[in-house]
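Text of upload20.pdb, listed as PDB, C-alpha atoms:
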```
ATOM      1  CA  MET A   1     -17.897  80.109 -10.639  1.00  0.00           C
ATOM      2  CA  ARG A   2     -20.415  82.072 -12.734  1.00  0.00           C
ATOM      3  CA  ALA A   3     -17.538  83.589 -14.728  1.00  0.00           C
ATOM      4  CA  TRP A   4     -16.181  80.120 -15.518  1.00  0.00           C
ATOM      5  CA  LEU A   5     -19.663  79.004 -16.610  1.00  0.00           C
ATOM      6  CA  ALA A   6     -19.746  82.011 -18.988  1.00  0.00           C
ATOM      7  CA  LEU A   7     -16.254  81.115 -20.246  1.00  0.00           C
ATOM      8  CA  PHE A   8     -17.184  77.479 -20.947  1.00  0.00           C
ATOM      9  CA  SER A   9     -20.385  78.600 -22.724  1.00  0.00           C
ATOM     10  CA  ALA A  10     -18.273  81.021 -24.795  1.00  0.00           C
ATOM     11  CA  ILE A  11     -16.013  78.125 -25.797  1.00  0.00           C
ATOM     12  CA  ALA A  12     -19.064  76.028 -26.796  1.00  0.00           C
ATOM     13  CA  PHE A  13     -20.353  78.826 -29.094  1.00  0.00           C
ATOM     14  CA  GLU A  14     -16.844  79.294 -30.529  1.00  0.00           C
ATOM     15  CA  VAL A  15     -16.666  75.575 -31.408  1.00  0.00           C
ATOM     16  CA  ILE A  16     -20.160  75.550 -32.967  1.00  0.00           C
ATOM     17  CA  GLY A  17     -19.384  78.757 -34.914  1.00  0.00           C
ATOM     18  CA  THR A  18     -16.078  77.462 -36.278  1.00  0.00           C
ATOM     19  CA  LEU A  19     -17.622  74.099 -37.211  1.00  0.00           C
ATOM     20  CA  THR A  20     -20.409  75.958 -39.057  1.00  0.00           C
ATOM     21  CA  LEU A  21     -17.754  77.944 -40.948  1.00  0.00           C
ATOM     22  CA  LYS A  22     -15.941  74.724 -41.838  1.00  0.00           C
ATOM     23  CA  LEU A  23     -19.104  72.884 -42.917  1.00  0.00           C
ATOM     24  CA  SER A  24     -20.375  75.806 -44.987  1.00  0.00           C
ATOM     25  CA  ALA A  25     -16.958  76.093 -46.640  1.00  0.00           C
ATOM     26  CA  LEU A  26     -17.136  72.397 -47.534  1.00  0.00           C
ATOM     27  CA  ASN A  27     -20.716  72.624 -48.851  1.00  0.00           C
ATOM     28  CA  HIS A  28     -20.286  76.127 -50.368  1.00  0.00           C
ATOM     29  CA  HIS A  29     -23.123  77.661 -48.370  1.00  0.00           C
ATOM     30  CA  ALA A  30     -23.084  81.460 -48.503  1.00  0.00           C
ATOM     31  CA  ALA A  31     -25.182  81.696 -45.322  1.00  0.00           C
ATOM     32  CA  GLY A  32     -22.361  80.037 -43.409  1.00  0.00           C
ATOM     33  CA  PHE A  33     -20.512  83.249 -42.595  1.00  0.00           C
ATOM     34  CA  LEU A  34     -23.717  84.881 -41.327  1.00  0.00           C
ATOM     35  CA  ILE A  35     -24.435  81.956 -38.974  1.00  0.00           C
ATOM     36  CA  THR A  36     -20.787  81.912 -37.898  1.00  0.00           C
ATOM     37  CA  SER A  37     -20.955  85.661 -37.169  1.00  0.00           C
ATOM     38  CA  VAL A  38     -23.952  85.178 -34.872  1.00  0.00           C
ATOM     39  CA  PHE A  39     -22.238  82.368 -32.944  1.00  0.00           C
ATOM     40  CA  LEU A  40     -18.971  84.324 -32.686  1.00  0.00           C
ATOM     41  CA  ALA A  41     -20.802  87.435 -31.436  1.00  0.00           C
ATOM     42  CA  LEU A  42     -22.523  85.296 -28.773  1.00  0.00           C
ATOM     43  CA  SER A  43     -19.207  83.699 -27.862  1.00  0.00           C
ATOM     44  CA  TYR A  44     -17.461  87.055 -27.378  1.00  0.00           C
ATOM     45  CA  ALA A  45     -20.408  88.474 -25.438  1.00  0.00           C
ATOM     46  CA  LEU A  46     -20.047  85.588 -22.975  1.00  0.00           C
ATOM     47  CA  LEU A  47     -16.275  86.120 -22.967  1.00  0.00           C
ATOM     48  CA  ALA A  48     -16.925  89.722 -21.880  1.00  0.00           C
ATOM     49  CA  LEU A  49     -18.932  88.392 -18.904  1.00  0.00           C
ATOM     50  CA  ALA A  50     -16.051  86.073 -17.998  1.00  0.00           C
ATOM     51  CA  PHE A  51     -13.569  88.997 -18.156  1.00  0.00           C
ATOM     52  CA  ARG A  52     -15.266  90.559 -15.121  1.00  0.00           C
ATOM     53  CA  ARG A  53     -13.875  87.970 -12.725  1.00  0.00           C
ATOM     54  CA  ILE A  54     -11.144  86.101 -14.630  1.00  0.00           C
ATOM     55  CA  PRO A  55      -7.979  87.959 -15.743  1.00  0.00           C
ATOM     56  CA  VAL A  56      -8.112  88.610 -19.516  1.00  0.00           C
ATOM     57  CA  ALA A  57      -4.824  86.728 -20.053  1.00  0.00           C
ATOM     58  CA  VAL A  58      -6.183  83.545 -18.428  1.00  0.00           C
ATOM     59  CA  ALA A  59      -9.706  83.728 -19.911  1.00  0.00           C
ATOM     60  CA  PHE A  60      -8.520  84.366 -23.476  1.00  0.00           C
ATOM     61  CA  ALA A  61      -5.786  81.703 -23.347  1.00  0.00           C
ATOM     62  CA  VAL A  62      -8.217  79.087 -21.958  1.00  0.00           C
ATOM     63  CA  TRP A  63     -10.801  80.138 -24.584  1.00  0.00           C
ATOM     64  CA  GLU A  64      -8.256  79.784 -27.402  1.00  0.00           C
ATOM     65  CA  ALA A  65      -6.673  76.559 -26.102  1.00  0.00           C
ATOM     66  CA  ALA A  66      -9.900  74.737 -25.210  1.00  0.00           C
ATOM     67  CA  GLY A  67     -11.470  75.915 -28.480  1.00  0.00           C
ATOM     68  CA  LEU A  68      -8.596  74.521 -30.552  1.00  0.00           C
ATOM     69  CA  VAL A  69      -8.651  71.194 -28.668  1.00  0.00           C
ATOM     70  CA  LEU A  70     -12.421  70.753 -29.115  1.00  0.00           C
ATOM     71  CA  ILE A  71     -12.426  71.908 -32.770  1.00  0.00           C
ATOM     72  CA  THR A  72      -9.600  69.485 -33.566  1.00  0.00           C
ATOM     73  CA  LEU A  73     -11.371  66.609 -31.778  1.00  0.00           C
ATOM     74  CA  ALA A  74     -14.630  67.482 -33.565  1.00  0.00           C
ATOM     75  CA  GLY A  75     -12.753  67.477 -36.873  1.00  0.00           C
ATOM     76  CA  VAL A  76     -11.471  63.984 -36.098  1.00  0.00           C
ATOM     77  CA  THR A  77     -14.753  62.480 -34.868  1.00  0.00           C
ATOM     78  CA  LEU A  78     -17.308  64.317 -37.052  1.00  0.00           C
ATOM     79  CA  LEU A  79     -15.410  65.171 -40.237  1.00  0.00           C
ATOM     80  CA  GLY A  80     -13.073  62.179 -40.356  1.00  0.00           C
ATOM     81  CA  GLU A  81      -9.883  64.261 -40.183  1.00  0.00           C
ATOM     82  CA  THR A  82      -6.722  62.514 -39.049  1.00  0.00           C
ATOM     83  CA  LEU A  83      -4.740  63.445 -35.914  1.00  0.00           C
ATOM     84  CA  SER A  84      -0.971  63.111 -36.256  1.00  0.00           C
ATOM     85  CA  PRO A  85       1.163  62.250 -33.175  1.00  0.00           C
ATOM     86  CA  LEU A  86       2.635  65.780 -33.270  1.00  0.00           C
ATOM     87  CA  ARG A  87      -0.826  67.329 -33.162  1.00  0.00           C
ATOM     88  CA  LEU A  88      -1.837  65.035 -30.302  1.00  0.00           C
ATOM     89  CA  LEU A  89       1.264  66.290 -28.462  1.00  0.00           C
ATOM     90  CA  ALA A  90       0.209  69.878 -29.251  1.00  0.00           C
ATOM     91  CA  LEU A  91      -3.267  69.190 -27.787  1.00  0.00           C
ATOM     92  CA  LEU A  92      -1.713  67.965 -24.527  1.00  0.00           C
ATOM     93  CA  GLY A  93       0.618  71.000 -24.544  1.00  0.00           C
ATOM     94  CA  LEU A  94      -2.353  73.364 -24.927  1.00  0.00           C
ATOM     95  CA  GLY A  95      -4.166  71.847 -21.966  1.00  0.00           C
ATOM     96  CA  LEU A  96      -1.048  71.853 -19.807  1.00  0.00           C
ATOM     97  CA  GLY A  97      -0.154  75.411 -20.890  1.00  0.00           C
ATOM     98  CA  ALA A  98      -3.606  76.769 -20.009  1.00  0.00           C
ATOM     99  CA  TRP A  99      -3.430  75.042 -16.608  1.00  0.00           C
ATOM    100  CA  LEU A 100       0.049  76.461 -15.931  1.00  0.00           C
ATOM    101  CA  LEU A 101      -0.999  79.970 -16.980  1.00  0.00           C
ATOM    102  CA  HIS A 102      -4.081  79.776 -14.744  1.00  0.00           C
ATOM    103  CA  GLY A 103      -1.962  78.869 -11.720  1.00  0.00           C
ATOM    104  CA  GLY A 104       0.855  81.249 -12.649  1.00  0.00           C
ATOM    105  CA  THR A 105      -1.218  84.422 -12.926  1.00  0.00           C
ATOM    106  CA  VAL A 106      -1.320  86.247  -9.615  1.00  0.00           C
ATOM    107  CA  ALA A 107      -2.769  89.608  -8.643  1.00  0.00           C
ATOM    108  CA  VAL A 108      -0.209  92.367  -8.103  1.00  0.00           C
ATOM    109  CA  GLN A 109      -2.397  93.369  -5.123  1.00  0.00           C
ATOM    110  CA  SER A 110      -1.333  90.188  -3.311  1.00  0.00           C
ATOM    111  CA  ALA A 111       2.257  91.450  -3.545  1.00  0.00           C
ATOM    112  CA  GLN A 112       1.149  94.816  -2.081  1.00  0.00           C
ATOM    113  CA  LYS A 113      -0.406  93.036   0.875  1.00  0.00           C
ATOM    114  CA  VAL A 114       3.154  92.316   2.014  1.00  0.00           C
ATOM    115  CA  VAL A 115       3.690  96.055   2.542  1.00  0.00           C
ATOM    116  CA  PRO A 116       1.120  96.481   5.373  1.00  0.00           C
ATOM    117  CA  LYS A 117       2.872  93.619   7.157  1.00  0.00           C
ATOM    118  CA  LYS A 118       6.047  95.728   7.237  1.00  0.00           C
ATOM    119  CA  THR A 119       4.124  98.599   8.846  1.00  0.00           C
ATOM    120  CA  ALA A 120       2.633  96.206  11.401  1.00  0.00           C
ATOM    121  CA  PRO A 121       5.645  96.515  13.808  1.00  0.00           C
ATOM    122  CA  VAL A 122       4.838 100.236  14.087  1.00  0.00           C
ATOM    123  CA  GLN A 123       1.429  99.343  15.491  1.00  0.00           C
ATOM    124  CA  GLN A 124       3.094  96.951  17.888  1.00  0.00           C
ATOM    125  CA  ALA A 125       5.383  99.756  19.019  1.00  0.00           C
ATOM    126  CA  THR A 126       2.405 101.969  19.868  1.00  0.00           C
ATOM    127  CA  LEU A 127       0.911  99.078  21.800  1.00  0.00           C
ATOM    128  CA  ARG A 128       4.088  98.853  23.859  1.00  0.00           C
ATOM    129  CA  GLU A 129       3.810 102.432  25.053  1.00  0.00           C
ATOM    130  CA  PRO A 130       1.063 101.813  27.630  1.00  0.00           C
ATOM    131  CA  THR A 131       3.076  98.905  29.058  1.00  0.00           C
ATOM    132  CA  ILE A 132       5.968 101.315  29.598  1.00  0.00           C
ATOM    133  CA  ARG A 133       3.703 103.940  31.168  1.00  0.00           C
ATOM    134  CA  LEU A 134       2.108 101.482  33.539  1.00  0.00           C
ATOM    135  CA  PRO A 135       5.225 101.140  35.752  1.00  0.00           C
ATOM    136  CA  GLN A 136       5.366 104.978  35.894  1.00  0.00           C
ATOM    137  CA  VAL A 137       1.869 105.040  37.447  1.00  0.00           C
ATOM    138  CA  GLN A 138       2.875 102.674  40.255  1.00  0.00           C
ATOM    139  CA  PRO A 139       5.097 105.071  42.246  1.00  0.00           C
TER     140      PRO A 139
ATOM    141  CA  MET W   1       8.077  91.570 -56.725  1.00  0.00           C
ATOM    142  CA  THR W   2       6.623  88.328 -55.373  1.00  0.00           C
ATOM    143  CA  SER W   3       7.451  89.455 -51.838  1.00  0.00           C
ATOM    144  CA  THR W   4       4.543  91.906 -51.855  1.00  0.00           C
ATOM    145  CA  VAL W   5       2.218  89.068 -52.874  1.00  0.00           C
ATOM    146  CA  THR W   6       3.326  86.779 -50.033  1.00  0.00           C
ATOM    147  CA  TRP W   7       3.508  89.451 -47.350  1.00  0.00           C
ATOM    148  CA  THR W   8       0.049  90.967 -47.831  1.00  0.00           C
ATOM    149  CA  PRO W   9      -1.870  88.050 -46.242  1.00  0.00           C
ATOM    150  CA  PHE W  10       0.495  88.058 -43.257  1.00  0.00           C
ATOM    151  CA  LEU W  11      -0.057  91.777 -42.757  1.00  0.00           C
ATOM    152  CA  LEU W  12      -3.799  91.032 -42.859  1.00  0.00           C
ATOM    153  CA  LEU W  13      -3.340  88.329 -40.199  1.00  0.00           C
ATOM    154  CA  ILE W  14      -1.305  90.655 -37.970  1.00  0.00           C
ATOM    155  CA  LEU W  15      -3.987  93.330 -38.394  1.00  0.00           C
ATOM    156  CA  ALA W  16      -6.679  90.709 -37.564  1.00  0.00           C
ATOM    157  CA  ALA W  17      -4.776  89.754 -34.409  1.00  0.00           C
ATOM    158  CA  LEU W  18      -4.479  93.420 -33.377  1.00  0.00           C
ATOM    159  CA  LEU W  19      -8.228  93.901 -33.945  1.00  0.00           C
ATOM    160  CA  ASP W  20      -8.857  90.824 -31.786  1.00  0.00           C
ATOM    161  CA  VAL W  21      -6.698  92.228 -28.997  1.00  0.00           C
ATOM    162  CA  GLY W  22      -8.459  95.608 -29.309  1.00  0.00           C
ATOM    163  CA  ALA W  23     -11.797  93.809 -29.053  1.00  0.00           C
ATOM    164  CA  ASN W  24     -10.648  92.065 -25.860  1.00  0.00           C
ATOM    165  CA  ILE W  25      -9.771  95.433 -24.297  1.00  0.00           C
ATOM    166  CA  LEU W  26     -13.157  96.909 -25.273  1.00  0.00           C
ATOM    167  CA  LEU W  27     -14.995  93.842 -23.920  1.00  0.00           C
ATOM    168  CA  LYS W  28     -13.072  94.157 -20.664  1.00  0.00           C
ATOM    169  CA  ARG W  29     -14.004  97.870 -20.533  1.00  0.00           C
ATOM    170  CA  SER W  30     -17.672  96.978 -21.133  1.00  0.00           C
ATOM    171  CA  ASP W  31     -17.670  95.493 -17.596  1.00  0.00           C
ATOM    172  CA  GLY W  32     -19.635  92.386 -18.504  1.00  0.00           C
ATOM    173  CA  LEU W  33     -21.675  94.112 -21.275  1.00  0.00           C
ATOM    174  CA  ARG W  34     -22.942  96.763 -18.827  1.00  0.00           C
ATOM    175  CA  HIS W  35     -21.567  99.540 -21.028  1.00  0.00           C
ATOM    176  CA  ARG W  36     -23.194  99.213 -24.451  1.00  0.00           C
ATOM    177  CA  LEU W  37     -20.741 101.220 -26.577  1.00  0.00           C
ATOM    178  CA  PRO W  38     -17.528  99.281 -25.798  1.00  0.00           C
ATOM    179  CA  ALA W  39     -19.513  96.008 -25.920  1.00  0.00           C
ATOM    180  CA  LEU W  40     -20.869  96.677 -29.422  1.00  0.00           C
ATOM    181  CA  GLY W  41     -17.506  98.099 -30.531  1.00  0.00           C
ATOM    182  CA  GLY W  42     -15.708  94.974 -29.316  1.00  0.00           C
ATOM    183  CA  ILE W  43     -18.046  92.605 -31.152  1.00  0.00           C
ATOM    184  CA  ALA W  44     -17.791  94.749 -34.312  1.00  0.00           C
ATOM    185  CA  LEU W  45     -13.985  94.532 -34.138  1.00  0.00           C
ATOM    186  CA  ILE W  46     -14.192  90.728 -33.786  1.00  0.00           C
ATOM    187  CA  LEU W  47     -16.346  90.347 -36.900  1.00  0.00           C
ATOM    188  CA  LEU W  48     -13.962  92.652 -38.795  1.00  0.00           C
ATOM    189  CA  ALA W  49     -11.017  90.533 -37.587  1.00  0.00           C
ATOM    190  CA  PHE W  50     -12.714  87.344 -38.851  1.00  0.00           C
ATOM    191  CA  ALA W  51     -13.477  89.026 -42.191  1.00  0.00           C
ATOM    192  CA  LEU W  52      -9.767  89.869 -42.559  1.00  0.00           C
ATOM    193  CA  LEU W  53      -8.934  86.282 -41.568  1.00  0.00           C
ATOM    194  CA  GLY W  54     -11.281  85.097 -44.311  1.00  0.00           C
ATOM    195  CA  VAL W  55      -9.535  87.292 -46.912  1.00  0.00           C
ATOM    196  CA  ALA W  56      -6.105  86.052 -45.772  1.00  0.00           C
ATOM    197  CA  LEU W  57      -7.309  82.425 -46.043  1.00  0.00           C
ATOM    198  CA  LYS W  58      -7.626  82.838 -49.803  1.00  0.00           C
ATOM    199  CA  SER W  59      -3.841  82.810 -50.139  1.00  0.00           C
ATOM    200  CA  VAL W  60      -2.590  81.234 -46.876  1.00  0.00           C
ATOM    201  CA  PRO W  61      -3.286  77.682 -45.606  1.00  0.00           C
ATOM    202  CA  LEU W  62      -5.760  77.523 -42.706  1.00  0.00           C
ATOM    203  CA  GLY W  63      -3.155  76.015 -40.364  1.00  0.00           C
ATOM    204  CA  VAL W  64      -0.549  78.721 -40.906  1.00  0.00           C
ATOM    205  CA  ALA W  65      -3.185  81.455 -40.704  1.00  0.00           C
ATOM    206  CA  TYR W  66      -4.550  80.218 -37.370  1.00  0.00           C
ATOM    207  CA  ALA W  67      -1.015  79.802 -36.009  1.00  0.00           C
ATOM    208  CA  VAL W  68      -0.096  83.437 -36.718  1.00  0.00           C
ATOM    209  CA  TRP W  69      -3.471  84.809 -35.657  1.00  0.00           C
ATOM    210  CA  GLY W  70      -4.000  82.659 -32.550  1.00  0.00           C
ATOM    211  CA  GLY W  71      -0.411  82.844 -31.309  1.00  0.00           C
ATOM    212  CA  LEU W  72      -0.184  86.626 -31.685  1.00  0.00           C
ATOM    213  CA  GLY W  73      -3.600  87.072 -30.082  1.00  0.00           C
ATOM    214  CA  ILE W  74      -2.702  85.067 -26.965  1.00  0.00           C
ATOM    215  CA  VAL W  75       0.681  86.744 -26.426  1.00  0.00           C
ATOM    216  CA  LEU W  76      -0.496  90.342 -26.988  1.00  0.00           C
ATOM    217  CA  THR W  77      -3.656  89.838 -24.896  1.00  0.00           C
ATOM    218  CA  ALA W  78      -1.645  88.304 -22.053  1.00  0.00           C
ATOM    219  CA  LEU W  79       0.870  91.179 -22.100  1.00  0.00           C
ATOM    220  CA  LEU W  80      -1.976  93.730 -22.083  1.00  0.00           C
ATOM    221  CA  SER W  81      -3.649  91.877 -19.221  1.00  0.00           C
ATOM    222  CA  LEU W  82      -0.623  92.793 -17.099  1.00  0.00           C
ATOM    223  CA  ASN W  83      -1.764  96.414 -17.432  1.00  0.00           C
ATOM    224  CA  ILE W  84      -5.561  96.246 -17.479  1.00  0.00           C
ATOM    225  CA  ASP W  85      -6.042  93.520 -14.845  1.00  0.00           C
ATOM    226  CA  GLY W  86      -3.158  94.424 -12.565  1.00  0.00           C
ATOM    227  CA  VAL W  87      -1.822  90.885 -12.611  1.00  0.00           C
ATOM    228  CA  ARG W  88       1.701  89.500 -12.925  1.00  0.00           C
ATOM    229  CA  PHE W  89       2.975  86.139 -14.117  1.00  0.00           C
ATOM    230  CA  THR W  90       5.093  83.815 -12.023  1.00  0.00           C
ATOM    231  CA  VAL W  91       7.676  81.561 -13.718  1.00  0.00           C
ATOM    232  CA  ARG W  92       4.879  78.993 -13.958  1.00  0.00           C
ATOM    233  CA  GLY W  93       2.665  81.538 -15.766  1.00  0.00           C
ATOM    234  CA  TRP W  94       5.377  82.446 -18.301  1.00  0.00           C
ATOM    235  CA  ALA W  95       6.059  78.719 -18.859  1.00  0.00           C
ATOM    236  CA  GLY W  96       2.347  78.145 -19.523  1.00  0.00           C
ATOM    237  CA  LEU W  97       2.202  81.068 -21.966  1.00  0.00           C
ATOM    238  CA  THR W  98       5.282  79.787 -23.830  1.00  0.00           C
ATOM    239  CA  LEU W  99       3.822  76.256 -23.937  1.00  0.00           C
ATOM    240  CA  ILE W 100       0.513  77.522 -25.372  1.00  0.00           C
ATOM    241  CA  VAL W 101       2.236  79.514 -28.137  1.00  0.00           C
ATOM    242  CA  GLY W 102       4.530  76.557 -28.923  1.00  0.00           C
ATOM    243  CA  SER W 103       1.539  74.199 -29.033  1.00  0.00           C
ATOM    244  CA  VAL W 104      -0.433  76.530 -31.326  1.00  0.00           C
ATOM    245  CA  LEU W 105       2.516  76.592 -33.744  1.00  0.00           C
ATOM    246  CA  LEU W 106       2.972  72.795 -33.466  1.00  0.00           C
ATOM    247  CA  MET W 107      -0.743  72.192 -33.980  1.00  0.00           C
ATOM    248  CA  HIS W 108      -0.861  74.014 -37.282  1.00  0.00           C
ATOM    249  CA  MET W 109       2.584  73.452 -38.758  1.00  0.00           C
ATOM    250  CA  GLY W 110       3.277  69.940 -37.513  1.00  0.00           C
ATOM    251  CA  GLY W 111       0.561  68.321 -39.623  1.00  0.00           C
TER     252      GLY W 111
END
```
Let's see the structure in the file written out as structure tokens.
Amino acid sequence: MRAWLALFSAIAFEVIGTLTLKLSALNHHAAGFLITSVFLALSYALLALAFRRIPVAVAFAVWEAAGLVLITLAGVTLLGETLSPLRLLALLGLGLGAWLLHGGTVAVQSAQKVVPKKTAPVQQATLREPTIRLPQVQP
Amino acid sequence: MTSTVTWTPFLLLILAALLDVGANILLKRSDGLRHRLPALGGIALILLAFALLGVALKSVPLGVAYAVWGGLGIVLTALLSLNIDGVRFTVRGWAGLTLIVGSVLLMHMGG
């Protein structure tokens, strides 16, 4: 849960950083890139924390997808940009894609856990031995 | 002759995407910023990648630039994750990855 909190914070800094870049480009502020750099560095530092628990593929895809969705929505609501039907479709696709990737990324270790199950009958075989010996004790 | 002019920004974008992927590997290696050198190296690579992106933006529209950069970054990072995280993708995972790349392209080219 902590890793996801770090990931969502990273996305927030990414959105603020990109918006700063956009605003400074519109107003021709030279300091814009410096401010953007600070926000991006913070965003990637938090992303590094998220990488500890969340697979890189999932964390980076969610970061990129959620970032694009929020930046586009911010562009529409704050900067008065228009959202075409195709782009709205793309936004839904990004959300759905990130959700699918999250559910469709499994640890290879879970596949290896099947292997011990195959060796389990061997342990059962050793357990059977005493039951065979027990009748031998009776006579 | 003009081909060199149009291809240079795309080479910059590909290089920016590779730097981004390299940064992701270093950040993963930093183990949540516990190891300073890969952490600082990763963040340095990111800023370099964005600087290259900025140079490319002078001759390529923002939408196209982000499509190439973002799409490449997601795919290469996901493929590398198979190695560094020891994960695999189910059909659902591959479908999600394809949908994200398709959506990134649609977002920036389907204005």
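Atom pair atom CA of A:Ile16 / atom CA of A:Ala98 has a distance of 21.1 Å (rounded to one decimal).
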Practice task
Identify every residue of chain W that has at least one atom within 6 Å of any atom of chain A, counting all atoms listed in the file, and report the result as a ChimeraX atom specification.
Solution key: /W:27-28,32,43,74,77-78,81,85-90,92-93,96,99-100,103,106-107,110
Convert the current residue selection to file output with C-alpha atoms, as an mmCIF file, in the coordinates of the input.
```cif
data_model
loop_
_atom_site.group_PDB
_atom_site.id
_atom_site.type_symbol
_atom_site.label_atom_id
_atom_site.label_comp_id
_atom_site.auth_asym_id
_atom_site.auth_seq_id
_atom_site.Cartn_x
_atom_site.Cartn_y
_atom_site.Cartn_z
ATOM 1 C CA LEU W 27 -14.995 93.842 -23.920
ATOM 2 C CA LYS W 28 -13.072 94.157 -20.664
ATOM 3 C CA GLY W 32 -19.635 92.386 -18.504
ATOM 4 C CA ILE W 43 -18.046 92.605 -31.152
ATOM 5 C CA ILE W 74 -2.702 85.067 -26.965
ATOM 6 C CA THR W 77 -3.656 89.838 -24.896
ATOM 7 C CA ALA W 78 -1.645 88.304 -22.053
ATOM 8 C CA SER W 81 -3.649 91.877 -19.221
ATOM 9 C CA ASP W 85 -6.042 93.520 -14.845
ATOM 10 C CA GLY W 86 -3.158 94.424 -12.565
ATOM 11 C CA VAL W 87 -1.822 90.885 -12.611
ATOM 12 C CA ARG W 88 1.701 89.500 -12.925
ATOM 13 C CA PHE W 89 2.975 86.139 -14.117
ATOM 14 C CA THR W 90 5.093 83.815 -12.023
ATOM 15 C CA ARG W 92 4.879 78.993 -13.958
ATOM 16 C CA GLY W 93 2.665 81.538 -15.766
ATOM 17 C CA GLY W 96 2.347 78.145 -19.523
ATOM 18 C CA LEU W 99 3.822 76.256 -23.937
ATOM 19 C CA ILE W 100 0.513 77.522 -25.372
ATOM 20 C CA SER W 103 1.539 74.199 -29.033
ATOM 21 C CA LEU W 106 2.972 72.795 -33.466
ATOM 22 C CA MET W 107 -0.743 72.192 -33.980
ATOM 23 C CA GLY W 110 3.277 69.940 -37.513
#
```
Practice task
Kindly give the distance, in Å, that separates atom CA of W:Leu18 and atom CA of A:Thr20, rounded to a single decimal.
Solution key: 24.3 Å
Exercise for the section: I need the residue set behind the PyMOL selection byres ((chain W and resi 66) around 9) for this file; please write it as a VMD selection string. Expected result: chain W and resid 13 53 61 to 65 67 to 71 104 to 105 108
Exercise for the section: Name the residues that the PyMOL selection byres ((chain W and resi 25) around 9) pulls out of this structure, and write them as a ChimeraX atom specification. Expected result: /A:56 /W:20-24,26-30,38,42,77,80-81,84
Could the residues in this selection be written to a file with C-alpha atoms, as a PDB file, in the frame of the given file?
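Once written, again30.pdb looks like this:
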```pdb
ATOM      1  CA  VAL A  56      -8.112  88.610 -19.516  1.00  0.00           C
TER       2      VAL A  56
ATOM      3  CA  ASP W  20      -8.857  90.824 -31.786  1.00  0.00           C
ATOM      4  CA  VAL W  21      -6.698  92.228 -28.997  1.00  0.00           C
ATOM      5  CA  GLY W  22      -8.459  95.608 -29.309  1.00  0.00           C
ATOM      6  CA  ALA W  23     -11.797  93.809 -29.053  1.00  0.00           C
ATOM      7  CA  ASN W  24     -10.648  92.065 -25.860  1.00  0.00           C
ATOM      8  CA  LEU W  26     -13.157  96.909 -25.273  1.00  0.00           C
ATOM      9  CA  LEU W  27     -14.995  93.842 -23.920  1.00  0.00           C
ATOM     10  CA  LYS W  28     -13.072  94.157 -20.664  1.00  0.00           C
ATOM     11  CA  ARG W  29     -14.004  97.870 -20.533  1.00  0.00           C
ATOM     12  CA  SER W  30     -17.672  96.978 -21.133  1.00  0.00           C
ATOM     13  CA  PRO W  38     -17.528  99.281 -25.798  1.00  0.00           C
ATOM     14  CA  GLY W  42     -15.708  94.974 -29.316  1.00  0.00           C
ATOM     15  CA  THR W  77      -3.656  89.838 -24.896  1.00  0.00           C
ATOM     16  CA  LEU W  80      -1.976  93.730 -22.083  1.00  0.00           C
ATOM     17  CA  SER W  81      -3.649  91.877 -19.221  1.00  0.00           C
ATOM     18  CA  ILE W  84      -5.561  96.246 -17.479  1.00  0.00           C
TER      19      ILE W  84
END
```
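Counting all atoms listed in the file and comparing A:Ala10, A:Leu34, A:Leu19, A:Ile71, the residue that lies closest to W:Leu47 is A:Leu34.
For the atom pair formed by atom CA of W:Leu33 and atom CA of W:Gly73, the distance is 21.3 Å, given to one decimal.
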Practice task
Could you tell me which of A:Phe39, A:Ala30, A:Leu23, A:Ala66 comes closest to A:Leu79 if we count only C-alpha atoms?
Solution key: A:Leu23
